[in-house]
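Reading through the structure tokens given below for one structure.
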Number of protein chains: 4
Amino acid sequence: MPTHPLRVTIWNEYVHERRDESVRRIYPDGMHRPIADALRRELGAGVTIRIATLDEPEHGLTEEALAGTDVLTWWGHSAHDRVSEEVVERVHARVLDGMGIVVLHSGHHSKIFRRLMGTTCSLRWRSDPGGEREVVWTVAPGHPIAAGVPQPIVIPHQEMYGEFFDIPQPDELVFISSFEGGEVFRGGCCYRRGAGRVFYFSPGDQEYPVYHQAEIQKVIANAVAWCAGIAASNDPPARREGNAPRGWFIEAGSPAQTR
Amino acid sequence: MPTHPLRVTIWNEYVHERRDESVRRIYPDGMHRPIADALRRELGAGVTIRIATLDEPEHGLTEEALAGTDVLTWWGHSAHDRVSEEVVERVHARVLDGMGIVVLHSGHHSKIFRRLMGTTCSLRWRSDPGGEREVVWTVAPGHPIAAGVPQPIVIPHQEMYGEFFDIPQPDELVFISSFEGGEVFRGGCCYRRGAGRVFYFSPGDQEYPVYHQAEIQKVIANAVAWCAGIAASNDPPARREGNAPRGWFIEAGSPAQTR
Amino acid sequence: MPTHPLRVTIWNEYVHERRDESVRRIYPDGMHRPIADALRRELGAGVTIRIATLDEPEHGLTEEALAGTDVLTWWGHSAHDRVSEEVVERVHARVLDGMGIVVLHSGHHSKIFRRLMGTTCSLRWRSDPGGEREVVWTVAPGHPIAAGVPQPIVIPHQEMYGEFFDIPQPDELVFISSFEGGEVFRGGCCYRRGAGRVFYFSPGDQEYPVYHQAEIQKVIANAVAWCAGIAASNDPPARREGNAPRGWFIEAGSPAQTR
Amino acid sequence: MPTHPLRVTIWNEYVHERRDESVRRIYPDGMHRPIADALRRELGAGVTIRIATLDEPEHGLTEEALAGTDVLTWWGHSAHDRVSEEVVERVHARVLDGMGIVVLHSGHHSKIFRRLMGTTCSLRWRSDPGGEREVVWTVAPGHPIAAGVPQPIVIPHQEMYGEFFDIPQPDELVFISSFEGGEVFRGGCCYRRGAGRVFYFSPGDQEYPVYHQAEIQKVIANAVAWCAGIAASNDPPARREGNAPRGWFIEAGSPAQTR
């Protein structure tokens with residue numbers, strides 16, 4: 001685990017909050033604000049937080065910024081196609097190299113998530129005025145991402161996301177949601193990709209104050225901590241290059257050498 | 001895959017149907033009857049069916065009966081503890097040896113299922129008069145067990161089974177149900193144990209005509225076919241006994257021998 | 001399962017066999033030849049086979065060709081970067097839509113495999129003159145892909161592929177290889193992606209007659225059959241488009257409607 | 001994660017060390033001694049250690065002892081059948097309740113491991129005089145259990161354990177071993193069962209000084225820490241008993257109540 005403080009970059013597309021009055025009312029400082037506040041509250045002194053948004057140069061995700069990031073969170077929706085391929089490549093490589101990534105809600109259709117999954121990541125959805133009740137059930141009650149959250153979490157008003165959700169079967173499935181309309185959704189999914197960890201968490205539409213809900217904030221903080229919980233790789237790519245000579249792993253003078 | 005016809009044994013506790021008037025009205029010939037009819041209709045000439053029940057000697061599951069069974073289906077509820085340990089051992093060994101098993105509804109608490117899972121297999125439940133609507137969602141749309149069934153299956157009246165369901169994470173999760181009350185349930189779960197396959201399917205309470213519903217029958221038939229889809233083991237236990245000499249797997253005269 | 005005969009396209013880069021004398025001696029008609037012969041022998045009258053190679057227009061993988069393919073096998077090595085992005089996109093989409101794909105040996109670094117996996121798919125390797133012995137162990141003895149092959153398969157001379165192999169954890173791991181030099185490799189890996197199935201199988205270097213070995217041919221035939229074993233999706237993408245109205249899945253007049 | 005110090009119980013059958021001169025020479029104070037020393041060195045002030053052995057009353061695993069244990073390690077070989085069913089039941093229940101368990105080497109055939117797995121857990125083995133070289137490869141290089149250990153670990157002399165190993169497919173596979181004789185073995189396997197975590201680690205025969213090897217000690221310490229890394233269950237069994245009334249999860253006065 002990192003010995004330095006946990007360094008988080010919160011990436012937010014930051015389009016709806018500036019464009020849509022209905023969204024600005026809920027998130028006047030951007031959706032990243034309640035997420036940042038929650039991480040500080042839940043993860044305490046151990047966390048340092050950067051905000052990065054689409055409109056910054058290189059979307060705020062330069063090589064240097066990513067090198068200094070242990071876990072990235074990702075919210076996007078209306079501008080997925082404005083994210084440059086170059087930045088997607090860079091984030092992808094950094095995840096495989098060990099950075100964690102927490103993909104939120106409509107980020108399911110982001111280039112980076114589809115790239116990591118290898119599938120379309122499409123799903124069913126319904127956006128009724130006023131939304132509907134989502135109930136988030138824990139199906140792995142001892143999992144660190146479910147720590148300290150109620151069974152179940154009730155979100156009074158949300159957009160519906162429903163199956164079939166076109167993702168690889170998760171390495172660990174933590175949450176399944178139900179919706180008033182009768183749909184279900186695998187909304188809390190863990191993956192390991194390369195040396196990095198990926199968590200997808202579905203709650204959180206721009207039209208509802210979901211990221212102000214303490215229980216949802218708790219899950220996001222838990223997910224950030226879980227994604228940071230990797231060890232330094234004991235077999236980094238550079239060690240795996242070129243033609244490996246027979247016995248490369250036997251040290252000179254080792255008792256194994258004579259065998 | 002078996003070259004002989006597919007040999008299925010339908011095991012039914014067969015207690016409620018004889019004891020409870022409400023159940024007898026729905027299943028006058030026992031719950032095994034509509035299941036048997038469905039397997040014959042869906043799997044055709046290729047299937048032979050035996051019925052076995054709790055009250056028969058050795059519960060109808062003698063060594064000989066099991067040796068002649070490719071797939072066993074299991075329904076039990078009120079008399080789990082009347083199933084003898086000896087028969088449980090025998091069924092368990094036969095599954096590891098390659099027999100498939102389809103465990104239905106309240107069979108989640110049977111000795112054999114708990115034995116195969118290694119967990120308590122406990123769950124939440126609600127039995128309201130009249131039951132409630134269950135909606136069965138496919139989360140693996142190309143899976144053979146979901147073949148030809150609607151997305152979703154709607155069961156008008158059912159008992160509620162809800163999470164947390166204490167099972168190992170399934171090797172493949174095929175169905176997730178929602179209930180009117182807002183609960184969700186991993187109700188269609190595939191496992192491989194030894195050389196055998198296991199499928200758990202939650203719909204089907206004695207108080208509701210669920211096993212008369214064509215779509216549910218279709219799933220059970222698909223599951224029986226999937227559980228039979230193993231190949232003969234290419235490494236049966238008898239080959240793995242005793243101290244294996246160095247090079248046991250190299251044939252005399254093989255070019256690999258000289259290396 | 002397909003009711004029509006199983007339609008296989010064998011894709012071969014087909015560079016080494018025409019360029020390198022050492023390879024031409026082993027595979028005078030191309031590596032696709034022994035693979036095609038094996039599929040015909042093992043899968044019988046039920047299979048139709050097309051060969052497609054890099055130098056054909058669109059690499060022989062037009063929309064029409066892929067629409068008429070149930071399972072594609074893929075061998076490439078020296079010319080991965082000459083495969084056009086457009087064809088990769090097309091193959092990728094077709095896999096998610098239900099086509100199976102069997103990726104062979106050095107295909108681990110092909111664009112299509114990396115695209116499906118979402119990882120680098122890099123590995124350790126050693127190419128010593130004469131190669132070394134590879135022993136292929138079955139770790140899922142009842143799996144259809146291991147049906148009828150010896151435990152273990154011994155390949156007298158092969159290139160070494162070793163861990164860490166940067167892939168997502170397989171949905172099912174079927175084979176693990178050991179090499180004379182002491183390395184191990186997860187060489188038989190099953191994945192489900194979208195409605196399609198993926199199998200990666202590592203044996204088979206251009207410098208050794210691995211694809212002439214009957215046991216390896218048997219595995220490839222089994223893998224093709226397994227990849228074809230999906231059902232038609234019961235929830236194709238077109239059904240999941242747009243805003244889903246509340247109750248879209250309840251038929252008019254259904255008893256579920258009144259609830 | 002536990003706020004109290006990590007409480008470990010090292011369980012050792014402790015038969016060979018007292019009975020066999022060859023073993024006593026290697027482990028004069030019992031195999032538990034180097035394991036205990038290693039945990040103290042690697043896990044530091046945060047760990048308290050108890051030793052428990054077969055000959056103690058209730059094998060040293062009373063209700064009270066288990067209630068005060070966060071992680072149990074298990075080594076047994078010649079006396080598996082002398083472990084009482086009652087104690088096995090107790091350990092099993094405690095694991096499902098959240099205690100971690102690290103099962104070592106020949107513990108693969110212990111009653112508790114077979115109970116947790118639901119399979120025979122049988123394997124191939126070879127015990128040649130002098131043993132043979134085992135090479136332990138990491139296949140999950142960022143996993144906390146692999147932290148800080150070399151890729152690969154070389155054990156100069158060991159008993160051979162080979163596939164097929166009859167276990168459920170691991171939730172996460174961390175290590176695969178090769179042996180001089182050409183066999184492979186899934187020797188580092190993670191499972192989640194109920195609210196508890198299970199790790200099986202194969203190195204360590206009584207005839208070789210494997211538990212004196214620093215790298216092996218490091219893995220065991222990592223495994224103990226990983227097994228302790230669960231959160232308190234957010235849905236303990238007692239909350240799941242009885243008939244759950246509709247809406248049991250909606251708090252009075254919640255905005256969700258009116259929906």
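Letters for chains follow the order of the structure tokens (A, B, ...), residue numbers begin at 1 for each chain, and ligand numbers begin at 1 in the order shown.
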I'd like the contact shell of region 20-36 of chain D - 7 Å cut-off, only C-alpha atoms, skipping same-chain residues fewer than 5 positions apart - returned as a compact mmCIF listing (two decimals) with N, CA, C and O atoms, in the first residue's frame.
```txt
# COMPACT_ATOMS: atom_id res chain seq x y z
N ILE D 10 -2.28 -19.88 15.45
CA ILE D 10 -1.56 -20.81 14.57
C ILE D 10 -1.91 -22.22 15.03
O ILE D 10 -1.54 -22.62 16.14
N ASN D 12 -1.44 -26.16 14.66
CA ASN D 12 -0.52 -27.16 14.12
C ASN D 12 -0.90 -28.52 14.69
O ASN D 12 -1.05 -28.68 15.90
N TYR D 14 1.04 -30.94 14.96
CA TYR D 14 2.20 -31.18 15.85
C TYR D 14 2.38 -32.66 16.16
O TYR D 14 2.52 -33.06 17.32
N ILE D 49 -0.32 -13.53 19.00
CA ILE D 49 -0.28 -14.89 18.46
C ILE D 49 -0.54 -15.92 19.55
O ILE D 49 0.05 -15.85 20.63
N GLN D 206 6.75 -31.23 5.75
CA GLN D 206 7.48 -31.44 7.01
C GLN D 206 8.91 -31.91 6.82
O GLN D 206 9.75 -31.77 7.71
N GLU D 207 9.21 -32.44 5.64
CA GLU D 207 10.54 -33.02 5.41
C GLU D 207 11.55 -31.98 4.90
O GLU D 207 12.72 -32.31 4.70
N PRO D 209 12.91 -27.64 4.88
CA PRO D 209 12.86 -26.44 5.73
C PRO D 209 12.15 -25.26 5.09
O PRO D 209 12.61 -24.12 5.19
N TYR D 211 9.42 -23.65 5.76
CA TYR D 211 8.91 -22.56 6.60
C TYR D 211 10.02 -21.73 7.24
O TYR D 211 9.74 -20.77 7.95
N HIS D 212 11.27 -22.13 7.00
CA HIS D 212 12.39 -21.27 7.40
C HIS D 212 12.78 -20.30 6.29
O HIS D 212 13.64 -19.44 6.51
N GLN D 217 7.76 -17.22 4.34
CA GLN D 217 7.24 -16.56 5.54
C GLN D 217 6.53 -15.26 5.18
O GLN D 217 5.48 -14.94 5.73
```
Checklist entry - Within 9 Å of chain A, which residues of chain D show up when using only C-alpha atoms, listed as a ChimeraX atom specification? => result /D:1,98,132-133,138,140-157,171-172,180,194-196,229-236,249-250,254-257,259
Could you please take those selected residues and save N, CA and C atoms as a short mmCIF file (atom, residue, chain, number, x, y, z; two decimals), in the first residue's frame?
```
data_model
loop_
_atom_site.label_atom_id
_atom_site.label_comp_id
_atom_site.auth_asym_id
_atom_site.auth_seq_id
_atom_site.Cartn_x
_atom_site.Cartn_y
_atom_site.Cartn_z
N MET D 1 -11.96 -2.81 8.95
CA MET D 1 -10.83 -3.57 9.44
C MET D 1 -10.80 -3.50 10.97
N GLY D 98 -16.82 -14.50 9.60
CA GLY D 98 -15.86 -13.42 9.35
C GLY D 98 -14.41 -13.71 9.70
N GLU D 132 12.30 -32.10 -4.88
CA GLU D 132 12.65 -31.51 -6.17
C GLU D 132 12.41 -30.01 -6.10
N ARG D 133 12.90 -29.30 -7.10
CA ARG D 133 12.77 -27.85 -7.09
C ARG D 133 11.34 -27.43 -7.41
N THR D 138 4.00 -15.79 -9.52
CA THR D 138 2.89 -14.88 -9.25
C THR D 138 2.12 -14.64 -10.54
N ALA D 140 -0.75 -12.71 -10.26
CA ALA D 140 -1.52 -11.49 -9.92
C ALA D 140 -0.56 -10.54 -9.23
N PRO D 141 0.30 -9.87 -10.03
CA PRO D 141 1.46 -9.18 -9.46
C PRO D 141 1.14 -8.00 -8.55
N GLY D 142 -0.08 -7.45 -8.60
CA GLY D 142 -0.41 -6.34 -7.72
C GLY D 142 -1.18 -6.81 -6.49
N HIS D 143 -1.35 -8.13 -6.33
CA HIS D 143 -2.15 -8.63 -5.21
C HIS D 143 -1.38 -8.47 -3.91
N PRO D 144 -2.07 -8.02 -2.85
CA PRO D 144 -1.38 -7.81 -1.56
C PRO D 144 -0.66 -9.06 -1.05
N ILE D 145 -1.12 -10.24 -1.40
CA ILE D 145 -0.46 -11.45 -0.90
C ILE D 145 0.89 -11.67 -1.60
N ALA D 146 1.07 -11.07 -2.77
CA ALA D 146 2.35 -11.18 -3.48
C ALA D 146 3.29 -10.02 -3.19
N ALA D 147 2.88 -9.13 -2.31
CA ALA D 147 3.66 -7.90 -2.09
C ALA D 147 5.05 -8.21 -1.54
N GLY D 148 6.04 -7.71 -2.24
CA GLY D 148 7.39 -7.79 -1.71
C GLY D 148 8.05 -9.15 -1.84
N VAL D 149 7.44 -10.08 -2.57
CA VAL D 149 8.12 -11.36 -2.76
C VAL D 149 8.67 -11.42 -4.18
N PRO D 150 9.76 -12.14 -4.40
CA PRO D 150 10.35 -12.17 -5.73
C PRO D 150 9.46 -12.90 -6.73
N GLN D 151 9.60 -12.53 -7.98
CA GLN D 151 8.94 -13.26 -9.07
C GLN D 151 10.02 -13.99 -9.82
N PRO D 152 10.14 -15.29 -9.77
CA PRO D 152 9.39 -16.21 -8.92
C PRO D 152 10.12 -16.46 -7.60
N ILE D 153 9.46 -17.19 -6.71
CA ILE D 153 10.11 -17.73 -5.51
C ILE D 153 10.64 -19.11 -5.89
N VAL D 154 11.91 -19.37 -5.57
CA VAL D 154 12.49 -20.68 -5.85
C VAL D 154 12.66 -21.45 -4.54
N ILE D 155 12.06 -22.63 -4.45
CA ILE D 155 12.21 -23.49 -3.27
C ILE D 155 13.07 -24.67 -3.71
N PRO D 156 14.29 -24.78 -3.16
CA PRO D 156 15.22 -25.78 -3.71
C PRO D 156 14.72 -27.22 -3.57
N HIS D 157 14.10 -27.56 -2.44
CA HIS D 157 13.69 -28.96 -2.21
C HIS D 157 12.28 -28.99 -1.66
N ASP D 171 -11.61 -17.69 -6.41
CA ASP D 171 -12.09 -16.32 -6.66
C ASP D 171 -10.95 -15.47 -7.21
N GLU D 172 -9.75 -15.68 -6.70
CA GLU D 172 -8.54 -15.06 -7.27
C GLU D 172 -7.42 -16.08 -7.17
N GLU D 180 10.24 -29.65 -10.89
CA GLU D 180 11.26 -30.20 -11.78
C GLU D 180 10.73 -31.32 -12.66
N GLY D 194 -19.04 -16.87 2.98
CA GLY D 194 -19.80 -16.10 3.96
C GLY D 194 -19.14 -14.75 4.12
N ALA D 195 -18.90 -14.32 5.38
CA ALA D 195 -18.21 -13.05 5.58
C ALA D 195 -16.71 -13.24 5.78
N GLY D 196 -16.21 -14.45 5.57
CA GLY D 196 -14.80 -14.73 5.84
C GLY D 196 -13.99 -14.93 4.58
N GLY D 229 -8.52 -8.60 6.24
CA GLY D 229 -8.90 -7.34 5.62
C GLY D 229 -10.37 -7.19 5.32
N ILE D 230 -11.19 -8.02 5.90
CA ILE D 230 -12.62 -7.85 5.67
C ILE D 230 -13.13 -6.72 6.54
N ALA D 231 -14.27 -6.23 6.14
CA ALA D 231 -14.98 -5.26 6.95
C ALA D 231 -16.00 -6.03 7.79
N ALA D 232 -16.49 -5.40 8.85
CA ALA D 232 -17.61 -5.98 9.58
C ALA D 232 -18.76 -6.14 8.59
N SER D 233 -19.40 -7.28 8.61
CA SER D 233 -20.52 -7.52 7.69
C SER D 233 -21.59 -6.46 7.87
N ASN D 234 -22.12 -5.93 6.77
CA ASN D 234 -23.22 -4.97 6.89
C ASN D 234 -24.58 -5.67 6.80
N ASP D 235 -24.55 -7.01 6.86
CA ASP D 235 -25.81 -7.75 6.84
C ASP D 235 -25.65 -9.08 7.55
N PRO D 236 -25.42 -9.03 8.86
CA PRO D 236 -25.18 -10.28 9.61
C PRO D 236 -26.42 -11.16 9.64
N PHE D 249 -37.14 -2.12 5.12
CA PHE D 249 -35.90 -1.35 5.03
C PHE D 249 -36.14 0.15 4.90
N ILE D 250 -37.42 0.55 4.90
CA ILE D 250 -37.73 1.98 4.77
C ILE D 250 -37.92 2.57 6.16
N SER D 254 -38.97 8.65 6.15
CA SER D 254 -38.06 8.79 5.01
C SER D 254 -38.83 9.28 3.79
N PRO D 255 -38.19 10.09 2.96
CA PRO D 255 -38.88 10.49 1.72
C PRO D 255 -39.22 9.29 0.83
N ALA D 256 -38.50 8.19 1.03
CA ALA D 256 -38.76 7.00 0.22
C ALA D 256 -40.08 6.34 0.62
N GLN D 257 -40.55 6.65 1.83
CA GLN D 257 -41.72 5.95 2.35
C GLN D 257 -42.99 6.26 1.56
N ARG D 259 -43.37 6.81 -1.49
CA ARG D 259 -43.38 6.39 -2.89
C ARG D 259 -44.24 5.15 -3.07
#
```
Next on the checklist: With DSSP run on the backbone, what are the alpha helix (DSSP H) residues within region 11-231 of chain C? I'd like them as a PyMOL selection string.
Outcome noted: chain C and resi 16-19+21-26+32-43+63-67+85-96+111-117+214-227
Checklist entry - Between A:Cys190, A:Ala228, A:Glu163, A:His77, which has the minimum distance to Ser177 (chain A) (counting only C-alpha atoms)? => result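 Of A:Cys190, A:Ala228, A:Glu163, A:His77, the one nearest Ser177 (chain A), counting only C-alpha atoms, is A:Glu163.
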Item to check | Residue contacts of Leu123 (chain C) (12 Å, only C-alpha atoms) excluding same-chain residues fewer than 6 positions away, as a PyMOL selection string | outcome: (chain A and resi 194+235-244) or (chain C and resi 105-109+160-167+183-187+202) or (chain D and resi 139)
Checklist entry - What's the 10 Å shell around Val224 (chain A), counting only C-alpha atoms, without same-chain residues fewer than 6 positions away, as a list of chain:residue names? => result A:Leu6, A:Arg7, A:Val8, A:Leu39, A:Leu43, A:Asp70, A:Val71, A:Leu72, A:Thr73, A:Gly100, A:Ile101, A:Val102, A:Ile145, A:Arg197, A:Val198, A:Phe199, A:Lys218
Next on the checklist: Just list as a list in words whatever in region 106-163 of chain A DSSP marks as strand (DSSP E or B).
Outcome noted: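 The strand (DSSP E or B) subset of region 106-163 of chain A is Arg124, Trp125, Arg126, Glu132, Arg133, Glu134, Val135, Val136, Trp137, Thr138, Ile153, Val154, Ile155, Pro156, His157, Gln158, Met160, Tyr161 and Gly162 of chain A.
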Write the residues of the selection above to a file with N, CA, C and O atoms, as an mmCIF file, in the first residue's frame.
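out-v2.cif written:
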```
data_model
loop_
_atom_site.group_PDB
_atom_site.id
_atom_site.type_symbol
_atom_site.label_atom_id
_atom_site.label_comp_id
_atom_site.auth_asym_id
_atom_site.auth_seq_id
_atom_site.Cartn_x
_atom_site.Cartn_y
_atom_site.Cartn_z
ATOM 1 N N ARG A 124 -29.975 -0.690 -20.343
ATOM 2 C CA ARG A 124 -31.304 -0.094 -20.432
ATOM 3 C C ARG A 124 -31.356 1.138 -19.534
ATOM 4 O O ARG A 124 -30.676 1.177 -18.522
ATOM 5 N N TRP A 125 -32.217 2.098 -19.852
ATOM 6 C CA TRP A 125 -32.371 3.241 -18.959
ATOM 7 C C TRP A 125 -33.770 3.834 -19.101
ATOM 8 O O TRP A 125 -34.470 3.577 -20.087
ATOM 9 N N ARG A 126 -34.153 4.586 -18.077
ATOM 10 C CA ARG A 126 -35.436 5.306 -18.105
ATOM 11 C C ARG A 126 -35.271 6.582 -17.303
ATOM 12 O O ARG A 126 -34.802 6.545 -16.166
ATOM 13 N N GLU A 132 -37.248 7.625 -9.957
ATOM 14 C CA GLU A 132 -37.921 6.558 -9.223
ATOM 15 C C GLU A 132 -36.996 6.067 -8.127
ATOM 16 O O GLU A 132 -35.820 6.399 -8.095
ATOM 17 N N ARG A 133 -37.537 5.275 -7.216
ATOM 18 C CA ARG A 133 -36.740 4.800 -6.090
ATOM 19 C C ARG A 133 -35.764 3.723 -6.532
ATOM 20 O O ARG A 133 -36.152 2.770 -7.206
ATOM 21 N N GLU A 134 -34.483 3.878 -6.151
ATOM 22 C CA GLU A 134 -33.481 2.835 -6.370
ATOM 23 C C GLU A 134 -33.091 2.286 -5.012
ATOM 24 O O GLU A 134 -32.847 3.039 -4.062
ATOM 25 N N VAL A 135 -33.032 0.949 -4.912
ATOM 26 C CA VAL A 135 -32.610 0.309 -3.665
ATOM 27 C C VAL A 135 -31.337 -0.483 -3.964
ATOM 28 O O VAL A 135 -31.332 -1.356 -4.830
ATOM 29 N N VAL A 136 -30.257 -0.149 -3.269
ATOM 30 C CA VAL A 136 -28.937 -0.706 -3.563
ATOM 31 C C VAL A 136 -28.620 -1.804 -2.540
ATOM 32 O O VAL A 136 -28.417 -1.529 -1.353
ATOM 33 N N TRP A 137 -28.576 -3.045 -3.012
ATOM 34 C CA TRP A 137 -28.375 -4.195 -2.128
ATOM 35 C C TRP A 137 -26.928 -4.671 -2.165
ATOM 36 O O TRP A 137 -26.344 -4.852 -3.238
ATOM 37 N N THR A 138 -26.385 -4.936 -0.983
ATOM 38 C CA THR A 138 -25.051 -5.511 -0.871
ATOM 39 C C THR A 138 -25.146 -7.026 -1.044
ATOM 40 O O THR A 138 -25.916 -7.677 -0.350
ATOM 41 N N ILE A 153 -29.127 0.433 0.811
ATOM 42 C CA ILE A 153 -29.164 1.893 0.671
ATOM 43 C C ILE A 153 -30.400 2.241 -0.149
ATOM 44 O O ILE A 153 -30.633 1.641 -1.197
ATOM 45 N N VAL A 154 -31.183 3.198 0.333
ATOM 46 C CA VAL A 154 -32.376 3.624 -0.406
ATOM 47 C C VAL A 154 -32.119 5.015 -0.992
ATOM 48 O O VAL A 154 -31.800 5.946 -0.257
ATOM 49 N N ILE A 155 -32.238 5.128 -2.314
ATOM 50 C CA ILE A 155 -32.102 6.424 -2.998
ATOM 51 C C ILE A 155 -33.491 6.819 -3.460
ATOM 52 O O ILE A 155 -34.077 6.148 -4.308
ATOM 53 N N PRO A 156 -34.053 7.890 -2.887
ATOM 54 C CA PRO A 156 -35.471 8.178 -3.173
ATOM 55 C C PRO A 156 -35.750 8.462 -4.651
ATOM 56 O O PRO A 156 -36.765 8.004 -5.174
ATOM 57 N N HIS A 157 -34.865 9.195 -5.313
ATOM 58 C CA HIS A 157 -35.146 9.592 -6.698
ATOM 59 C C HIS A 157 -33.914 9.364 -7.554
ATOM 60 O O HIS A 157 -32.868 9.957 -7.303
ATOM 61 N N GLN A 158 -34.056 8.559 -8.596
ATOM 62 C CA GLN A 158 -32.925 8.269 -9.459
ATOM 63 C C GLN A 158 -33.416 7.917 -10.857
ATOM 64 O O GLN A 158 -34.552 7.490 -11.035
ATOM 65 N N MET A 160 -33.342 5.320 -13.904
ATOM 66 C CA MET A 160 -33.251 3.854 -13.908
ATOM 67 C C MET A 160 -32.146 3.395 -14.859
ATOM 68 O O MET A 160 -32.081 3.867 -15.993
ATOM 69 N N TYR A 161 -31.285 2.508 -14.367
ATOM 70 C CA TYR A 161 -30.333 1.763 -15.197
ATOM 71 C C TYR A 161 -30.691 0.288 -15.035
ATOM 72 O O TYR A 161 -30.767 -0.198 -13.893
ATOM 73 N N GLY A 162 -30.883 -0.412 -16.174
ATOM 74 C CA GLY A 162 -31.339 -1.799 -16.047
ATOM 75 C C GLY A 162 -30.559 -2.770 -16.912
ATOM 76 O O GLY A 162 -29.859 -2.371 -17.853
#
```
